[in-house]
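Reading through the C-alpha cells given below for one structure.
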Amino acid sequence: LIMSPAMWKWTCLVSHLLLSTTVSPLGRQQPPHPKRPFITFTGEQAEGNFNHLVVDERTGHIYLGAVNRIYKLSSDLKVLVTHETGPDDDNPKCYPPRIVQTCNEPLTPTNNINKMLLIDYKENRLIACGSLYQGICKLLRLDDLFKLGEPFHKKEHYLSGVNESGSVFGVIVSYSNMDDKLFIATAVDGKPEYFPTISSRKLTKNSEADGMFAYVFHDEFVASMIKIPSDTFTIIPDFDIYYIYGFSSGNFVYFLTLQPEMISPPGSTTKEQVYTSKLVRLCKEDTAFNSYVEVPIGCEKNGVEYRLLQAAYLSKAGAILARSLGVGPEDDILFTVFSKGQKRKMKSLDESALCIFVLKNINDRIKDRLQSCYRGEGTLDLAWLKVKDIPCSSALLTIDDNFCGLDMNAPLGVSSMVRGLPIFTEDGDRMTSVIAYVYKNHSLAFVGTKSGKLKK
C-alpha cells in the first residue's frame, strides 16, 4: 500500500483516535514501527474526548469535533485553530432552551458534546452540531473557525436532546444553481413531539439567513420529515432509531439504522424485543417524504446470524471485486460490520463479520416491493410508524428504478431481509469500524477492533 505523506498522516490519526493502541495478546503495548512511527495529537482538557473527525479533501486539513472544542489541525497534526463550544449553563429539560426563553429548571455547567461535523465545501464552512440547548449547530468558517452563524430562535433549529456523540448523522445534497439540502437523522430519546427522527433542511448560502435549517417543505399537513408516533412508545417504551451511517448515491439518500422491534419467537405465544438493522432510503427531491422505504439487512455465515450493525462505509467495487460479484467497477458497494445476534444492542457480542452489499441489489429489492404494493399485495409492513397493518392500495402506474412515491402506500417497509456477502469473521475481538477504497483495481478495507487493532 502506497500513501502520500498527507494521506498517511491522517490515516494514522484515524487509527489513533478511533482504534486506540495496538495491544499484544499478553496485554503489553507494542512499540510503534521504527520506520513509520505514529503521529499523535492530544487535546487540551481531560474531558475533551474526540467525537468526530473530517478531513478537507482539498487541503488535507483535519477538523476534530471534541467535547467543548473544535480543532483545526494541519496534515502533520499541528494545531492551527481552536474554537470553544462549551461548557455553558444548561438543563436537558429546558425546552425551548434557556437561550430562547426563561427556564425554571435548575441550570448547571454542562459540557457540549460534538454530535455532528460536516464540511460544506460549496460555502467553505464547517457545520458543527453539539448537545447543548437541545442540539443546536454552529456554522464556522473553514479557514479560521470564525463563527458565521448559530441559528437557535426556531424550534426546527433544535436537532435532538440526546447527549451522545453518535446520535446524529447528516448528509449534504449539493446543487449547482440553488441552495443545498441537509438530510438530518437523529435519535429522539423519547421526545417525538419535539424532534423528527429524519428530516431535510435548507442549507442557505447566508449562514445567518432566517431560513437556515428550516424544513425544505412545511405546511399544515405535510412536511419534509418523519416523526415517530407517540403510540409506538406504548408498544416499545424505549423505542428509538439509531443512525449508524448515511450517504447519497444517484437520486437517493440512504441511512443505515439499528432499531428495536417486537417479534414472536417460533413456538412462542409471547413477544420479545430484538434489534433489527435496516437501510432507509429517500429520494433527494421528495419534499413530502412519500418515498420513505425501510429494508432489513443482515449477514449469515455457517449458520451464524450477524444482525447488529456496528459500522458501514460506501465504496466502489473496483475491477477485481466487480468481476467476482458480476457488477461494474463503478458500482457502489457497502462495506458493513455486524456483530452476532440481534438482542443486545448495548452489549454486543465479540463475534462479528465484515460483509458487503451491492447497492443495486438492495435497490432492486426495494423496487420489487414497491411494485407488489402498488399491485395491492400485502400491507405497508412498517409497524412502528403506522402502529397497525395498513393494506397496500392498488394503482395502475409504472414503477422504475427512480420512483419517488405518491401520497399512498407510504411510508413502506420491506419484510424480507437482504443478506450481505460475508468476507471476513472475527470471533474474539469485535470489529467496530470500517473504511474502504479502491487501489490499483483492488478493493481494500481497513477494520478497527474493540481492543484497538487495525486490520487491513
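Please note that chains go A, B, ... in the order of the C-alpha cells, that every chain numbers its residues from 1, and that ligands are numbered from 1 in the order shown.
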
Query raised in the report: Which residues come within 10 Å of Gly405 of chain A, counting only C-alpha atoms, excluding same-chain residues fewer than 6 positions away, as a ChimeraX atom specification?
Result: /A:282-283,286,288-293,370,399,411-412

Once you have the residues from the selection above, write them out as a short mmCIF file (atom, residue, chain, number, x, y, z; two decimals), in the first residue's frame, restricted to C-alpha atoms.
data_model
loop_
_atom_site.label_atom_id
_atom_site.label_comp_id
_atom_site.auth_asym_id
_atom_site.auth_seq_id
_atom_site.Cartn_x
_atom_site.Cartn_y
_atom_site.Cartn_z
CA LEU A 282 -35.42 8.54 0.47
CA CYS A 283 -35.45 10.40 -2.84
CA ASP A 286 -39.01 14.15 -2.28
CA ALA A 288 -43.13 15.16 1.35
CA PHE A 289 -41.11 12.03 2.24
CA ASN A 290 -43.52 9.78 0.33
CA SER A 291 -40.51 7.80 -0.89
CA TYR A 292 -39.53 6.56 2.60
CA VAL A 293 -38.71 2.84 2.45
CA LEU A 370 -42.90 -1.10 -4.44
CA ILE A 399 -42.54 1.94 -11.14
CA PRO A 411 -44.06 5.01 4.22
CA LEU A 412 -43.28 1.44 3.27
#

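Once segment 362-368 of chain A and its same-chain neighbours fewer than 3 positions away are set aside, A:Leu279, A:Arg281, A:Val293, A:Glu294, A:Val295, A:Pro296, A:Ile297, A:Phe357, A:Val358, A:Leu359, A:Gln371, A:Ser372, A:Cys373, A:Ile399, A:Asp400, A:Asp401, A:Asn402, A:Phe403, A:Leu412, A:Gly413, A:Val414, A:Ser416, A:Met417, A:Val418, A:Arg419, A:Gly420 remain within 10 Å of it when counting only C-alpha atoms.
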
Just to be explicit: take each residue in the selection above, keep N, CA and C atoms, and write the result as a PDB file, in the first residue's frame.
ATOM      1  N   LEU A 279     -31.842  -0.558   6.362  1.00  0.00           N
ATOM      2  CA  LEU A 279     -31.451   0.530   5.475  1.00  0.00           C
ATOM      3  C   LEU A 279     -32.687   1.353   5.158  1.00  0.00           C
ATOM      4  N   ARG A 281     -34.236   4.467   2.780  1.00  0.00           N
ATOM      5  CA  ARG A 281     -33.967   5.180   1.523  1.00  0.00           C
ATOM      6  C   ARG A 281     -35.012   6.259   1.281  1.00  0.00           C
ATOM      7  N   VAL A 293     -38.656   4.305   2.460  1.00  0.00           N
ATOM      8  CA  VAL A 293     -38.713   2.838   2.454  1.00  0.00           C
ATOM      9  C   VAL A 293     -37.647   2.308   3.402  1.00  0.00           C
ATOM     10  N   GLU A 294     -37.999   1.277   4.165  1.00  0.00           N
ATOM     11  CA  GLU A 294     -37.058   0.593   5.045  1.00  0.00           C
ATOM     12  C   GLU A 294     -36.898  -0.851   4.596  1.00  0.00           C
ATOM     13  N   VAL A 295     -35.658  -1.339   4.607  1.00  0.00           N
ATOM     14  CA  VAL A 295     -35.421  -2.741   4.271  1.00  0.00           C
ATOM     15  C   VAL A 295     -34.440  -3.336   5.286  1.00  0.00           C
ATOM     16  N   PRO A 296     -34.779  -4.465   5.919  1.00  0.00           N
ATOM     17  CA  PRO A 296     -33.858  -5.074   6.889  1.00  0.00           C
ATOM     18  C   PRO A 296     -32.635  -5.668   6.195  1.00  0.00           C
ATOM     19  N   ILE A 297     -31.485  -5.532   6.840  1.00  0.00           N
ATOM     20  CA  ILE A 297     -30.237  -6.070   6.299  1.00  0.00           C
ATOM     21  C   ILE A 297     -29.537  -6.885   7.384  1.00  0.00           C
ATOM     22  N   PHE A 357     -22.463  -5.486   0.555  1.00  0.00           N
ATOM     23  CA  PHE A 357     -23.730  -5.434  -0.155  1.00  0.00           C
ATOM     24  C   PHE A 357     -23.513  -4.658  -1.451  1.00  0.00           C
ATOM     25  N   VAL A 358     -24.095  -5.143  -2.525  1.00  0.00           N
ATOM     26  CA  VAL A 358     -24.151  -4.362  -3.774  1.00  0.00           C
ATOM     27  C   VAL A 358     -25.388  -3.478  -3.666  1.00  0.00           C
ATOM     28  N   LEU A 359     -25.182  -2.158  -3.711  1.00  0.00           N
ATOM     29  CA  LEU A 359     -26.304  -1.242  -3.503  1.00  0.00           C
ATOM     30  C   LEU A 359     -27.403  -1.456  -4.536  1.00  0.00           C
ATOM     31  N   GLN A 371     -43.405  -2.379  -6.433  1.00  0.00           N
ATOM     32  CA  GLN A 371     -44.283  -2.882  -7.494  1.00  0.00           C
ATOM     33  C   GLN A 371     -45.380  -3.778  -6.928  1.00  0.00           C
ATOM     34  N   SER A 372     -45.026  -4.650  -5.971  1.00  0.00           N
ATOM     35  CA  SER A 372     -46.035  -5.541  -5.411  1.00  0.00           C
ATOM     36  C   SER A 372     -47.055  -4.765  -4.579  1.00  0.00           C
ATOM     37  N   CYS A 373     -46.590  -3.758  -3.845  1.00  0.00           N
ATOM     38  CA  CYS A 373     -47.518  -2.970  -3.019  1.00  0.00           C
ATOM     39  C   CYS A 373     -48.481  -2.187  -3.904  1.00  0.00           C
ATOM     40  N   ILE A 399     -43.527   1.643 -12.185  1.00  0.00           N
ATOM     41  CA  ILE A 399     -42.543   1.939 -11.139  1.00  0.00           C
ATOM     42  C   ILE A 399     -41.172   1.542 -11.649  1.00  0.00           C
ATOM     43  N   ASP A 400     -40.336   2.556 -11.926  1.00  0.00           N
ATOM     44  CA  ASP A 400     -38.986   2.289 -12.444  1.00  0.00           C
ATOM     45  C   ASP A 400     -37.972   2.432 -11.310  1.00  0.00           C
ATOM     46  N   ASP A 401     -36.696   2.439 -11.679  1.00  0.00           N
ATOM     47  CA  ASP A 401     -35.630   2.485 -10.671  1.00  0.00           C
ATOM     48  C   ASP A 401     -35.639   3.766  -9.857  1.00  0.00           C
ATOM     49  N   ASN A 402     -36.224   4.849 -10.391  1.00  0.00           N
ATOM     50  CA  ASN A 402     -36.168   6.142  -9.712  1.00  0.00           C
ATOM     51  C   ASN A 402     -37.526   6.594  -9.180  1.00  0.00           C
ATOM     52  N   PHE A 403     -38.441   5.673  -8.989  1.00  0.00           N
ATOM     53  CA  PHE A 403     -39.774   6.012  -8.487  1.00  0.00           C
ATOM     54  C   PHE A 403     -39.670   6.630  -7.082  1.00  0.00           C
ATOM     55  N   LEU A 412     -43.173   2.855   3.596  1.00  0.00           N
ATOM     56  CA  LEU A 412     -43.282   1.436   3.270  1.00  0.00           C
ATOM     57  C   LEU A 412     -42.123   0.654   3.883  1.00  0.00           C
ATOM     58  N   GLY A 413     -42.428  -0.559   4.321  1.00  0.00           N
ATOM     59  CA  GLY A 413     -41.396  -1.453   4.835  1.00  0.00           C
ATOM     60  C   GLY A 413     -41.250  -2.683   3.967  1.00  0.00           C
ATOM     61  N   VAL A 414     -40.030  -3.183   3.864  1.00  0.00           N
ATOM     62  CA  VAL A 414     -39.760  -4.449   3.184  1.00  0.00           C
ATOM     63  C   VAL A 414     -39.629  -5.513   4.275  1.00  0.00           C
ATOM     64  N   SER A 416     -38.801  -8.988   3.929  1.00  0.00           N
ATOM     65  CA  SER A 416     -37.718  -9.974   3.806  1.00  0.00           C
ATOM     66  C   SER A 416     -36.356  -9.289   3.871  1.00  0.00           C
ATOM     67  N   MET A 417     -35.438  -9.912   4.590  1.00  0.00           N
ATOM     68  CA  MET A 417     -34.123  -9.330   4.812  1.00  0.00           C
ATOM     69  C   MET A 417     -33.224  -9.493   3.585  1.00  0.00           C
ATOM     70  N   VAL A 418     -32.455  -8.458   3.277  1.00  0.00           N
ATOM     71  CA  VAL A 418     -31.410  -8.553   2.263  1.00  0.00           C
ATOM     72  C   VAL A 418     -30.128  -8.986   2.965  1.00  0.00           C
ATOM     73  N   ARG A 419     -29.558 -10.086   2.530  1.00  0.00           N
ATOM     74  CA  ARG A 419     -28.367 -10.635   3.179  1.00  0.00           C
ATOM     75  C   ARG A 419     -27.106 -10.201   2.454  1.00  0.00           C
ATOM     76  N   GLY A 420     -26.128  -9.773   3.236  1.00  0.00           N
ATOM     77  CA  GLY A 420     -24.843  -9.394   2.684  1.00  0.00           C
ATOM     78  C   GLY A 420     -23.952 -10.597   2.467  1.00  0.00           C
TER      79      GLY A 420
END

Excluding same-chain residues fewer than 5 positions from Glu44 of chain A, what lies within 12 Å of it counting only C-alpha atoms, as a PDB file with C-alpha atoms, in the first residue's frame?
ATOM      1  CA  ASN A  49     -12.893  13.386  24.252  1.00  0.00           C
ATOM      2  CA  PHE A  50     -12.741  13.311  20.469  1.00  0.00           C
ATOM      3  CA  ALA A  66     -14.479  17.160  20.673  1.00  0.00           C
ATOM      4  CA  VAL A  67     -16.177  17.853  23.990  1.00  0.00           C
ATOM      5  CA  ASN A  68     -16.275  21.677  24.311  1.00  0.00           C
ATOM      6  CA  ARG A  69     -13.819  22.149  21.428  1.00  0.00           C
ATOM      7  CA  ILE A  70     -13.492  22.160  17.658  1.00  0.00           C
ATOM      8  CA  TYR A  71      -9.908  21.780  16.471  1.00  0.00           C
ATOM      9  CA  VAL A  79      -2.969  22.804  15.939  1.00  0.00           C
ATOM     10  CA  THR A  82      -9.233  26.070  18.254  1.00  0.00           C
ATOM     11  CA  HIS A  83     -12.876  27.061  18.680  1.00  0.00           C
ATOM     12  CA  GLU A  84     -14.528  26.762  22.096  1.00  0.00           C
TER      13      GLU A  84
END

Requested in this report: Just the strand (DSSP E) stuff from segment 174-343 of chain A, please, per backbone DSSP, written as JSON, numbers by chain.
Outcome: {"A": [180, 181, 182, 183, 184, 185, 186, 198, 199, 200, 201, 202, 203, 225, 226, 242, 243, 244, 245, 246, 247, 248, 249, 252, 253, 254, 255, 256, 257, 258, 259, 260, 261, 262, 263, 272, 273, 274, 275, 276, 277, 278, 279, 280, 281, 282, 283, 293, 294, 295, 296, 297, 298, 299, 300, 301, 304, 305, 306, 307, 308, 309, 310, 311, 312, 313, 314, 315, 316, 332, 333, 334, 335, 336, 337, 338, 339, 340]}

Report task. Could you give me, as a list in words, the residues within 6 Å of Val171 of chain A, counting only C-alpha atoms and dropping anything in the same chain fewer than 6 positions from it? Result -> Leu182, Phe183 and Phe247 of chain A

Please produce an output containing all heavy atoms for each residue in the selection, written as a CSV table (one decimal), in the first residue's frame.
chain,number,residue,atom,x,y,z
A,182,LEU,N,-29.7,19.6,3.6
A,182,LEU,CA,-29.1,18.8,4.6
A,182,LEU,C,-30.1,17.8,5.1
A,182,LEU,O,-31.1,18.2,5.7
A,182,LEU,CB,-28.6,19.7,5.7
A,182,LEU,CG,-28.0,19.0,7.0
A,182,LEU,CD1,-26.8,18.2,6.6
A,182,LEU,CD2,-27.6,20.0,8.0
A,183,PHE,N,-29.9,16.5,4.9
A,183,PHE,CA,-30.7,15.5,5.4
A,183,PHE,C,-30.1,15.2,6.8
A,183,PHE,O,-28.9,14.8,6.9
A,183,PHE,CB,-30.7,14.3,4.6
A,183,PHE,CG,-31.6,14.4,3.4
A,183,PHE,CD1,-31.2,15.1,2.2
A,183,PHE,CD2,-32.9,13.8,3.4
A,183,PHE,CE1,-32.1,15.2,1.1
A,183,PHE,CE2,-33.7,13.9,2.3
A,183,PHE,CZ,-33.3,14.6,1.1
A,247,PHE,N,-25.3,8.3,3.5
A,247,PHE,CA,-24.7,8.7,2.3
A,247,PHE,C,-25.7,9.0,1.2
A,247,PHE,O,-26.9,8.7,1.4
A,247,PHE,CB,-23.7,7.5,1.8
A,247,PHE,CG,-24.4,6.3,1.5
A,247,PHE,CD1,-24.8,6.0,0.2
A,247,PHE,CD2,-24.7,5.3,2.5
A,247,PHE,CE1,-25.5,4.8,-0.1
A,247,PHE,CE2,-25.3,4.1,2.2
A,247,PHE,CZ,-25.7,3.9,0.9

Query raised in the report: Residues at most 12 Å from Ile99 of chain A, counting only C-alpha atoms, excluding those fewer than 6 positions away in the same chain, as a list in words?
Result: Asp88, Asp89, Asp90, Asn91, Leu107, Leu132, Tyr133, Gln134, Ile136, Glu150, Pro151, Phe152, His153, Lys154 and Tyr158 of chain A

Query - alpha helix (DSSP H) call set, DSSP backbone run, segment 339-411 of chain A, as a list in words - result: Leu359, Lys360, Asn361, Ile362, Asn363, Asp364, Arg365, Ile366, Lys367, Asp368, Arg369, Leu370, Gln371, Ser372, Cys373, Ala383, Trp384, Leu385 and Lys386 of chain A

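Relative to atom CA of Pro265 of chain A, atom CA of Glu305 of chain A is found at 15.0 Å.
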
For Ser199 of chain A: contacts at 7 Å, only C-alpha atoms, fewer than 6 positions along chain excluded, given as a PDB file with all heavy atoms, in the first residue's frame:
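Okay, out13.pdb is ready:
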ATOM      1  N   PHE A 183     -29.861  16.547   4.880  1.00  0.00           N
ATOM      2  CA  PHE A 183     -30.703  15.498   5.450  1.00  0.00           C
ATOM      3  C   PHE A 183     -30.132  15.158   6.824  1.00  0.00           C
ATOM      4  O   PHE A 183     -28.943  14.823   6.946  1.00  0.00           O
ATOM      5  CB  PHE A 183     -30.720  14.258   4.562  1.00  0.00           C
ATOM      6  CG  PHE A 183     -31.621  14.387   3.363  1.00  0.00           C
ATOM      7  CD1 PHE A 183     -31.238  15.105   2.245  1.00  0.00           C
ATOM      8  CD2 PHE A 183     -32.879  13.781   3.351  1.00  0.00           C
ATOM      9  CE1 PHE A 183     -32.069  15.222   1.141  1.00  0.00           C
ATOM     10  CE2 PHE A 183     -33.718  13.892   2.257  1.00  0.00           C
ATOM     11  CZ  PHE A 183     -33.319  14.619   1.148  1.00  0.00           C
ATOM     12  N   ILE A 184     -30.966  15.258   7.848  1.00  0.00           N
ATOM     13  CA  ILE A 184     -30.529  15.009   9.215  1.00  0.00           C
ATOM     14  C   ILE A 184     -31.335  13.855   9.802  1.00  0.00           C
ATOM     15  O   ILE A 184     -32.566  13.853   9.734  1.00  0.00           O
ATOM     16  CB  ILE A 184     -30.703  16.261  10.099  1.00  0.00           C
ATOM     17  CG1 ILE A 184     -29.747  17.365   9.639  1.00  0.00           C
ATOM     18  CG2 ILE A 184     -30.434  15.930  11.568  1.00  0.00           C
ATOM     19  CD1 ILE A 184     -29.898  18.652  10.406  1.00  0.00           C
ATOM     20  N   ALA A 185     -30.632  12.881  10.363  1.00  0.00           N
ATOM     21  CA  ALA A 185     -31.267  11.734  11.006  1.00  0.00           C
ATOM     22  C   ALA A 185     -30.759  11.659  12.436  1.00  0.00           C
ATOM     23  O   ALA A 185     -29.554  11.783  12.676  1.00  0.00           O
ATOM     24  CB  ALA A 185     -30.937  10.453  10.245  1.00  0.00           C
ATOM     25  N   SER A 224     -41.240  17.963   5.259  1.00  0.00           N
ATOM     26  CA  SER A 224     -40.081  17.149   4.874  1.00  0.00           C
ATOM     27  C   SER A 224     -39.493  16.489   6.116  1.00  0.00           C
ATOM     28  O   SER A 224     -38.379  16.796   6.556  1.00  0.00           O
ATOM     29  CB  SER A 224     -39.036  18.028   4.182  1.00  0.00           C
ATOM     30  OG  SER A 224     -39.594  18.701   3.081  1.00  0.00           O
ATOM     31  N   MET A 225     -40.262  15.571   6.695  1.00  0.00           N
ATOM     32  CA  MET A 225     -39.810  14.933   7.927  1.00  0.00           C
ATOM     33  C   MET A 225     -40.590  13.654   8.175  1.00  0.00           C
ATOM     34  O   MET A 225     -41.653  13.435   7.604  1.00  0.00           O
ATOM     35  CB  MET A 225     -40.000  15.870   9.124  1.00  0.00           C
ATOM     36  CG  MET A 225     -41.466  16.088   9.489  1.00  0.00           C
ATOM     37  SD  MET A 225     -41.699  16.944  11.061  1.00  0.00           S
ATOM     38  CE  MET A 225     -41.577  18.644  10.527  1.00  0.00           C
ATOM     39  N   ILE A 226     -40.030  12.830   9.050  1.00  0.00           N
ATOM     40  CA  ILE A 226     -40.714  11.661   9.595  1.00  0.00           C
ATOM     41  C   ILE A 226     -40.654  11.769  11.114  1.00  0.00           C
ATOM     42  O   ILE A 226     -39.571  11.954  11.684  1.00  0.00           O
ATOM     43  CB  ILE A 226     -40.037  10.348   9.153  1.00  0.00           C
ATOM     44  CG1 ILE A 226     -40.195  10.128   7.654  1.00  0.00           C
ATOM     45  CG2 ILE A 226     -40.590   9.167   9.934  1.00  0.00           C
ATOM     46  CD1 ILE A 226     -41.552   9.643   7.214  1.00  0.00           C
TER      47      ILE A 226
END
